[in-house]
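Trainee: My structure is below; once you've seen it, I'll send some questions.
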Amino acid sequence: MNNIITKTSVIGNPIQHSLSPIIHNYWIEQNKINTDKYKKIKVEVSNLHQEVKELIENGFTGLNVTIPFKEMVYDLCDEVSDTAKILKAINTITYKDKKIIGYNTDPDGFINSISNQIRDDNITGKNTLVIGAGGSARSIIYALNKMESNITVTNRTVEKVEIISQDLDIPIKIKDFETISDISKFDLIVNTTSLGMEENKNLEIIFANAKPNLHVYDLIYNPYQTNLLRDAEVNGLTFQNGLAMLVYQAAESFNIWHGMYPKIDDELFSIIGKSK
């Protein structure tokens, strides 16, 4: 495949933690894509629009967008995908035919990271508890609704949950954050908050009354296993972190830019694991 794209990168602030270059450069090499190495670039919040325009002028025609810019770049786009329009957030940009086009691949990344068995046993027609109501929660709630799950959200600020429900036109039950310990009716729990990341307070849930087939999903992947996931393991529950979602959303971006869906294999996950 020749001359499909010249430069790609992820932009964010902070950005040093990003694993995206490892993922994309692995696929670039495996598929012999004629493009520069994928980079990670720190962009200043106060100068976001100008810096994105300068990157495009310097030949970048594919950008991933991470914290805190996913909502901020929305207005910079000339066109947006249907999913991005609903979520009002962008994680992938392509520059084509003199237009900035925005996408959001996070929901597909989440959906594709779920095994068919977990989808059948724990999601479709089943009860999900989503913890948090930030930008990541929007994508997860949107994806869960596509998978026909019954969604409950717990968040310290109830108003944020109500806004998501209205914006996405999705019925959501609201659970008091202070009674989060009562999880007996849920088949899936998804943590979308930063609780559990390094230097952050841990999220603690009592699994004593959990269903025996409860699946626990933490979007955090660094540390690889948060206390939440360790507690799930101790209680004999199935669990996963957010690394697979990161890889699968990246694959969607790669396909948008290069016109091919990359192979996701054990070697890639091994390389990521060794890098941390």
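Chain labels A, B, ... are given in the sequence in which chains occur in the structure tokens; within each chain residues are numbered consecutively from 1, and ligands are likewise numbered from 1 in the order shown.
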Wanna dump the region 141-257 of chain A-region 35-46 of chain A contacts at 12 Å for me, each residue with its shortest atom pair and the distance in Å to one decimal, counting only C-alpha atoms, ordered by chain and number, as JSON lines?
Mentor:
{"residue": "A:Ala250", "atom": "CA", "partner": "A:Tyr38", "partner_atom": "CA", "distance": 11.9}
{"residue": "A:Phe254", "atom": "CA", "partner": "A:Tyr38", "partner_atom": "CA", "distance": 10.8}
{"residue": "A:Trp257", "atom": "CA", "partner": "A:Thr35", "partner_atom": "CA", "distance": 10.7}
Trainee: Please save C-alpha atoms of the selected residues as an mmCIF file, in the first residue's frame.
Mentor:
data_model
loop_
_atom_site.group_PDB
_atom_site.id
_atom_site.type_symbol
_atom_site.label_atom_id
_atom_site.label_comp_id
_atom_site.auth_asym_id
_atom_site.auth_seq_id
_atom_site.Cartn_x
_atom_site.Cartn_y
_atom_site.Cartn_z
ATOM 1 C CA ALA A 250 -6.659 2.080 17.724
ATOM 2 C CA PHE A 254 -5.681 2.673 11.708
ATOM 3 C CA TRP A 257 -6.204 6.307 7.911
#
Trainee: Mind checking which residues fall within 12 Å of Lys274 (chain A), counting only C-alpha atoms, ignoring those fewer than 5 positions away in the same chain, and posting them as a list of chain:residue names?
Mentor: A:Leu19, A:Ile22, A:Tyr224, A:Glu267, A:Leu268, A:Phe269
Trainee: Okay, now the selection with C-alpha atoms, as a CSV table (one decimal), in the first residue's frame?
Mentor:
chain,number,residue,atom,x,y,z
A,19,LEU,CA,1.0,3.5,24.4
A,22,ILE,CA,3.8,1.2,20.3
A,224,TYR,CA,-2.3,-3.5,34.7
A,267,GLU,CA,2.7,-10.6,19.9
A,268,LEU,CA,1.3,-7.0,20.0
A,269,PHE,CA,0.0,-7.5,23.6
Trainee: For Arg230 (chain A), which residue out of A:Thr6, A:Asn202, A:Asn213, A:Ser149 is the nearest one, using only C-alpha atoms?
Mentor: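 Distance minimum relative to Arg230 (chain A) lands on A:Asn202.
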Trainee: Using only C-alpha atoms, which residues sit within 9 Å of Ile189 (chain A) once same-chain residues fewer than 6 positions away are excluded, as a list in words?
Mentor: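 Final neighbour list, sorted by chain and number: Asn127, Thr128, Leu129, Val130, Ile131, Ile183, Leu214, His215, Val216, Tyr217 and Asp218 of chain A.
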Trainee: Which neighbours of His258 (chain A) fall inside 12 Å, counting only C-alpha atoms, when residues of the same chain fewer than 2 positions from it are skipped, and could you give them as number ranges by chain?
Mentor: A: 1-8, 24, 27-28, 31-35, 61-62, 94, 250-256, 260-262
Trainee: Just the strand (DSSP E) stuff from region 54-265 of chain A, please, per backbone DSSP, written as a PyMOL selection string.
Mentor: chain A and resi 60-65+79-80+92-96+99-103+127-131+150-154+173-175+188-191+215-218+238-240
